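Notes for the one structure printed next.
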Amino acid sequence: MTYQIKKAAVLGSGVMGSGIAAHLANIGIPVLLLDIVPGKLTVEEEAKGLTLEDNQIRNKYALGALQQVLKHKPAPLTTKSNLSLIEAGNLEDDLDKLSEVDWIIEVVVENLEIKKSLYEKVDAVRKPGTIISSNTSGISIEDMIEGRTEDFQKHFLGTHFFNPPRYLKLLEVIPASTTAKEVVDFMIQFGEDKLGKGVVVAKDTPNFIANRIGTYGLLVTLREMEKRGYSIGEVDSVTGTLIGRPKSATFRTLDVVGLDTFMHVAKNAYDKTEGDEQKVFELPSFMKKMIDNGWIGAKAKQGFYIKKGKEILELNPETLEYGPQKKLQTPSIEMAKQQKGLANRVKSLVYANDRTGELLWNIIAPTLLYSAELNGEISDDIVAIDNAMKWGFGWQQGPFEIWDALGVEKTVAKMKDEGEIIPSFVQSLLDKGYETFYKEEDNELYFFNGKKYTLVPVNEKSIDLKRYKKKNGVVKKNTGASLIDLGDGIALLEFHSQSNSIGPDIIQMINYAVDEVEKNFKGLVIGNQGKNFCVGANLGMILMEAQDDNIFELDFIIRSFQNAMMKIKYSTKPVVAAPFGMTLGGGAEVCLPAAHIQAASETYMGLVEVGVGLIPGGGGNVGLYTKHLKGLPNDVHIDYQFIANKVFESIAMAKVSTSGDEARENNFLNFADGVSINADHLIYDAKQVALSLFENGYKAPKHEKIPVTGDSGYATMLLGAEGMKLSGFISDHDLKIAKKLAFVLAGGKVPYGTLVDEQYMLDLEREAFLSLVAEPKSQQRMQNMLVKGKPLRN
């Protein structure tokens, strides 16, 4: 049977249910969101004359959830307009509508009997072949399907999303013994390709993979803190980014998750385990007191941390009083910061002979042993365990990758000295004379499966540029960028400067790449797999030249940048930009002239130069203006003033999109540009677009003159800025920047509707940029951004 999901239903409209519904809407799937019917009216509802029979009351919970979706931060929706794809209803009046959907996701309260009762009703109305899944975080999948029809059982499985569903990558798929293989295979592919998730197949065991190991590791850390007298702040200071874990470390993570939620997950594991393992899952007494007091974390504004005024205080677990935050300060921390690479840093810390080393060894070693004991029980292989921890808990390395970094033989010897029992899986690795759980061979990655090394399965759409470069080499590189042969006639230009900021080295490589592609390739992709696509031009270099009053050098650099952007625009072979994450200033300017933009769903794009006292200098003003113009039909009257105002507002207010979809709404992307939901597939998707453009006879755009608003448009744009200045919202220097920006966008002192050359617009832009660079107040803004990382309003 061929499965397709054209419409879905989510049963349960709590934070998780509404978040899943929002994520489905983000990928364009219409969703029916249903919840229970209220049993009674509130006083306010009675005062309005409403009754329990009114639709707005009967659909109250789902409707309320949709209102909350618009308020939640971070936003569950990639654009507010996606809310129109979600239809609110209730589980009594709208149950029959489940016959119209292809996937039913249950997200009701974690109570087996309630779930089974609901499934009985669903079974009576669903059409055969409809996939049903539960977002349970730990109730047995097998127990849920008892008494259901054969077709229901064949199409039922667990699909455990992590909160918030839009942002967290992990999706655990948990088949029942009755689940058809083709259903599991479809959900894996659908999860990766359509939902944009990292999918792991988990076994039907308590808390599945990530929550089982993650909860264990957190509780081991709590016990170690109690046992050896570390403070909450001390533990967090070394269990976060220092060892490749999220910035929220241990206790901030628990505050964000909520102690009540964590208690539920821990209790589920406690109830279904026994012996020494069970003891670990019992919450410490001080944590139970916190829950009794309502100190359950961020949602209660009080947990392990509390904010008093501007100061954040940490809890003393013994006294339950708050005091100043502490940090561990040991020689090993300073030494670790000097190490290159995460693996070397963690290794130096864990083996350190001080309080940091003692803490980290005593929390990491038990977690490694526990992960090895569970291999085969909670998953089929170590790859699923490692990926679950990376995608669900934000670890940079999974347990077995950490073990490899620490050295398996060395850690096992230390564990044996401490009287630990080594899992047979680990011992068999060493008995065979192997040294690591993973190994690279012929630039392919293999993992130990208990008997031998097996190739790590990879979705063909996931291109790992580091491994790809090792295998296929690099056409040319310098300090800022590399040109890579992606195969099939497509080249990739990868930025790898600090923060991927644009300087002369990247400009040089852009010129080389376009020339090389025009001669020897079918197309070019501009993309990378750094933390962000590009945070803009090299601000430090610009400030240094400005402070040295080296305007001639700056003029040359900006002119070179503009010329490189025009080279991208008028390339005879298609250039596809593949932005993701922060795509700011110069990063956005690289995208605007491309033949196509294939953006990641999580793309935060904007021209933000006013924040450092400048305006865009690499063609961004004219690029965004013409992008707006090209988005309009040829046969309609165009109000150039309206467009100029929109672009002026976008740049003057340094607007940044909160998603790829919003970047389209802001006209950084047009209707033909694409958005990739799975960031791991972005390079692949961009490559396919470049190939398609070439094979469909791509022609470079013609040099065309640009209609501008001229004098009258300049005056109109300034009117709003001067009003804000008179109201005290912007400073004199802000107004000066606004005047420069308006002059460039208006096309200078010409009549409305004048057609001007693109180069003329670029010259205006460069002159305005250089005049602002020379301003002392702009230099102060640049300095503040470089030193403090935030804008200065002067």
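Just so we're on the same page: first chain in the structure tokens is A, next is B, and so on; residues restart at 1 for each chain, and ligands are numbered from 1 in the order they show up.
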
Hey, could you make a per-residue contact list for segment 332-391 of chain A against segment 200-214 of chain A with 7 Å as the cut-off, showing the nearest pair of atoms and its distance in Å to one decimal, counting only C-alpha atoms, sorted by chain and number, as a tab-separated table?
```
residue	atom	partner	partner_atom	distance
A:Ser371	CA	A:Ile213	CA	6.7
A:Ile378	CA	A:Lys203	CA	5.0
A:Ser379	CA	A:Ala202	CA	5.1
A:Ala384	CA	A:Val200	CA	5.4
A:Ile385	CA	A:Ile209	CA	6.4
A:Ala388	CA	A:Ala210	CA	5.3
A:Met389	CA	A:Ala210	CA	5.5
```

Residues at most 9 Å from Cys591 of chain A, counting only C-alpha atoms, excluding those fewer than 4 positions away in the same chain, as a PyMOL selection string? chain A and resi 526+565+576-579+583+586-587+595-597+668

Could you turn the residues from that selection into a file that holds N, CA and C atoms, as a short mmCIF file (atom, residue, chain, number, x, y, z; two decimals), in the first residue's frame?
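Once written, selection-v7.cif looks like this:
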```cif
data_model
loop_
_atom_site.label_atom_id
_atom_site.label_comp_id
_atom_site.auth_asym_id
_atom_site.auth_seq_id
_atom_site.Cartn_x
_atom_site.Cartn_y
_atom_site.Cartn_z
N ILE A 526 25.84 28.01 -3.13
CA ILE A 526 26.58 28.70 -2.06
C ILE A 526 25.96 28.27 -0.74
N MET A 565 28.84 40.43 -6.14
CA MET A 565 27.39 40.15 -6.10
C MET A 565 26.80 40.21 -7.51
N VAL A 576 22.71 29.02 -6.87
CA VAL A 576 21.66 28.79 -5.87
C VAL A 576 22.25 29.04 -4.49
N ALA A 577 21.64 29.95 -3.73
CA ALA A 577 22.08 30.22 -2.35
C ALA A 577 21.29 29.32 -1.42
N ALA A 578 21.98 28.78 -0.40
CA ALA A 578 21.34 27.85 0.55
C ALA A 578 21.52 28.37 1.98
N PRO A 579 20.79 29.44 2.35
CA PRO A 579 20.96 30.02 3.68
C PRO A 579 20.24 29.24 4.77
N THR A 583 21.37 34.75 8.77
CA THR A 583 21.76 35.15 7.42
C THR A 583 21.57 36.65 7.37
N GLY A 586 25.61 41.13 5.05
CA GLY A 586 26.28 40.58 3.87
C GLY A 586 25.82 39.18 3.52
N GLY A 587 25.41 38.40 4.52
CA GLY A 587 24.90 37.06 4.25
C GLY A 587 23.64 37.12 3.41
N ALA A 595 20.23 33.15 -8.55
CA ALA A 595 19.15 32.74 -9.44
C ALA A 595 18.00 32.11 -8.66
N HIS A 596 18.33 31.50 -7.53
CA HIS A 596 17.33 30.84 -6.70
C HIS A 596 17.85 30.82 -5.27
N ILE A 597 16.95 30.97 -4.31
CA ILE A 597 17.30 30.79 -2.90
C ILE A 597 16.57 29.55 -2.40
N PHE A 668 12.44 38.67 0.91
CA PHE A 668 13.82 38.22 0.69
C PHE A 668 13.80 36.98 -0.20
#
```

Can you tell me, as a PyMOL selection string, what residues are no more than 9 Å from Leu770 of chain A when counting only C-alpha atoms, ignoring any on the same chain fewer than 3 positions away? chain A and resi 546+551+554-555+558+614+617+765-767+773-774

Could you dump the residues just selected with C-alpha atoms as an mmCIF file, in the first residue's frame?
```cif
data_model
loop_
_atom_site.group_PDB
_atom_site.id
_atom_site.type_symbol
_atom_site.label_atom_id
_atom_site.label_comp_id
_atom_site.auth_asym_id
_atom_site.auth_seq_id
_atom_site.Cartn_x
_atom_site.Cartn_y
_atom_site.Cartn_z
ATOM 1 C CA ALA A 546 37.652 53.344 9.137
ATOM 2 C CA ILE A 551 38.565 55.277 2.981
ATOM 3 C CA LEU A 554 37.286 50.594 2.107
ATOM 4 C CA ASP A 555 36.018 51.946 -1.202
ATOM 5 C CA ILE A 558 32.972 47.602 -0.978
ATOM 6 C CA LEU A 614 25.600 51.824 8.463
ATOM 7 C CA GLY A 617 26.938 48.198 1.133
ATOM 8 C CA GLU A 765 24.821 52.917 -2.027
ATOM 9 C CA ARG A 766 28.620 52.759 -1.822
ATOM 10 C CA GLU A 767 28.947 56.528 -1.383
ATOM 11 C CA VAL A 773 31.658 54.581 8.005
ATOM 12 C CA ALA A 774 33.585 57.809 8.545
#
```

Could you list, as a count of residues only, every residue within 6 Å of segment 36-51 of chain A, counting only C-alpha atoms and ignoring same-chain residues fewer than 4 positions away? 3

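Across segment 593-682 of chain A, DSSP run on the backbone finds strand (DSSP E) at A:His596, A:Ile597, A:Gln598, A:Ala599, A:Ala600, A:Thr603, A:Tyr604, A:Met605, A:Gly606, A:Gly674, A:Val675, A:Ser676.
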
Would you mind exporting the chosen residues as a PDB file, in the first residue's frame, restricted to N, CA and C atoms?
```
ATOM      1  N   HIS A 596      18.331  31.500  -7.530  1.00  0.00           N
ATOM      2  CA  HIS A 596      17.329  30.836  -6.695  1.00  0.00           C
ATOM      3  C   HIS A 596      17.849  30.816  -5.274  1.00  0.00           C
ATOM      4  N   ILE A 597      16.945  30.966  -4.314  1.00  0.00           N
ATOM      5  CA  ILE A 597      17.296  30.792  -2.903  1.00  0.00           C
ATOM      6  C   ILE A 597      16.570  29.554  -2.400  1.00  0.00           C
ATOM      7  N   GLN A 598      17.332  28.607  -1.857  1.00  0.00           N
ATOM      8  CA  GLN A 598      16.763  27.423  -1.201  1.00  0.00           C
ATOM      9  C   GLN A 598      17.113  27.564   0.275  1.00  0.00           C
ATOM     10  N   ALA A 599      16.172  28.087   1.057  1.00  0.00           N
ATOM     11  CA  ALA A 599      16.445  28.415   2.454  1.00  0.00           C
ATOM     12  C   ALA A 599      16.005  27.288   3.376  1.00  0.00           C
ATOM     13  N   ALA A 600      16.709  27.127   4.489  1.00  0.00           N
ATOM     14  CA  ALA A 600      16.243  26.222   5.533  1.00  0.00           C
ATOM     15  C   ALA A 600      15.014  26.835   6.186  1.00  0.00           C
ATOM     16  N   THR A 603      15.558  29.931   9.000  1.00  0.00           N
ATOM     17  CA  THR A 603      16.452  30.947   8.424  1.00  0.00           C
ATOM     18  C   THR A 603      16.042  32.299   8.962  1.00  0.00           C
ATOM     19  N   TYR A 604      17.011  33.010   9.526  1.00  0.00           N
ATOM     20  CA  TYR A 604      16.735  34.310  10.145  1.00  0.00           C
ATOM     21  C   TYR A 604      17.476  35.364   9.327  1.00  0.00           C
ATOM     22  N   MET A 605      16.759  35.898   8.334  1.00  0.00           N
ATOM     23  CA  MET A 605      17.386  36.730   7.302  1.00  0.00           C
ATOM     24  C   MET A 605      16.975  38.185   7.436  1.00  0.00           C
ATOM     25  N   GLY A 606      17.952  39.072   7.314  1.00  0.00           N
ATOM     26  CA  GLY A 606      17.649  40.492   7.367  1.00  0.00           C
ATOM     27  C   GLY A 606      18.861  41.341   7.052  1.00  0.00           C
ATOM     28  N   GLY A 674      12.675  28.337  -2.650  1.00  0.00           N
ATOM     29  CA  GLY A 674      12.214  27.180  -1.881  1.00  0.00           C
ATOM     30  C   GLY A 674      12.611  27.238  -0.422  1.00  0.00           C
ATOM     31  N   VAL A 675      11.916  26.438   0.388  1.00  0.00           N
ATOM     32  CA  VAL A 675      12.223  26.298   1.816  1.00  0.00           C
ATOM     33  C   VAL A 675      12.344  24.808   2.123  1.00  0.00           C
ATOM     34  N   SER A 676      13.472  24.410   2.711  1.00  0.00           N
ATOM     35  CA  SER A 676      13.713  23.014   3.084  1.00  0.00           C
ATOM     36  C   SER A 676      13.394  22.833   4.558  1.00  0.00           C
TER      37      SER A 676
END
```

Find the residues around segment 339-352 of chain A up to 12 Å (only C-alpha atoms counted), leave out those fewer than 3 positions away in its own chain, and share them as JSON, numbers by chain. {"A": [238, 239, 240, 241, 242, 243, 244, 245, 330, 331, 332, 333, 334, 335, 336, 355, 356, 357, 358, 359, 360, 361, 362, 363, 364, 365, 395, 396, 397, 398, 401, 402, 403, 404, 405, 406, 407, 408, 410, 411, 414]}

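A straight line drawn from atom CA of Lys470 of chain A to atom CA of Gly536 of chain A is 28.0 Å long.
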
Selection near Tyr752 of chain A, 10 Å with only C-alpha atoms, sequence-local residues under 5 positions removed, as a ChimeraX atom specification: /A:640-641,707-714,746-747

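With atom CA of Ala25 of chain A on one side and atom CA of Leu83 of chain A on the other, the separation reads 7.1 Å.
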
Report, in Å with one decimal, the straight-line distance from atom CA of Arg148 of chain A to atom CA of Ile104 of chain A. 15.0 Å

Who sits within 9 Å of segment 3-6 of chain A, only C-alpha atoms, same chain under 3 positions skipped, as JSON, numbers by chain: {"A": [28, 29, 30, 101, 102, 103, 129, 130, 131, 182, 183, 186, 190]}

Restricting to only C-alpha atoms, whichever of A:Gly753, A:Gly480, A:Gly585, A:Gly64 is closest to Glu609 of chain A is A:Gly585

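Considering only C-alpha atoms, the residue among A:Ala413, A:Ile638, A:Ala249, A:Val383 positioned nearest to Val458 of chain A is A:Val383.
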
Write out as a PyMOL selection string all residues of segment 436-587 of chain A that backbone DSSP assigns to alpha helix (DSSP H). chain A and resi 465-472+504-520+539-547+551-569+586-587
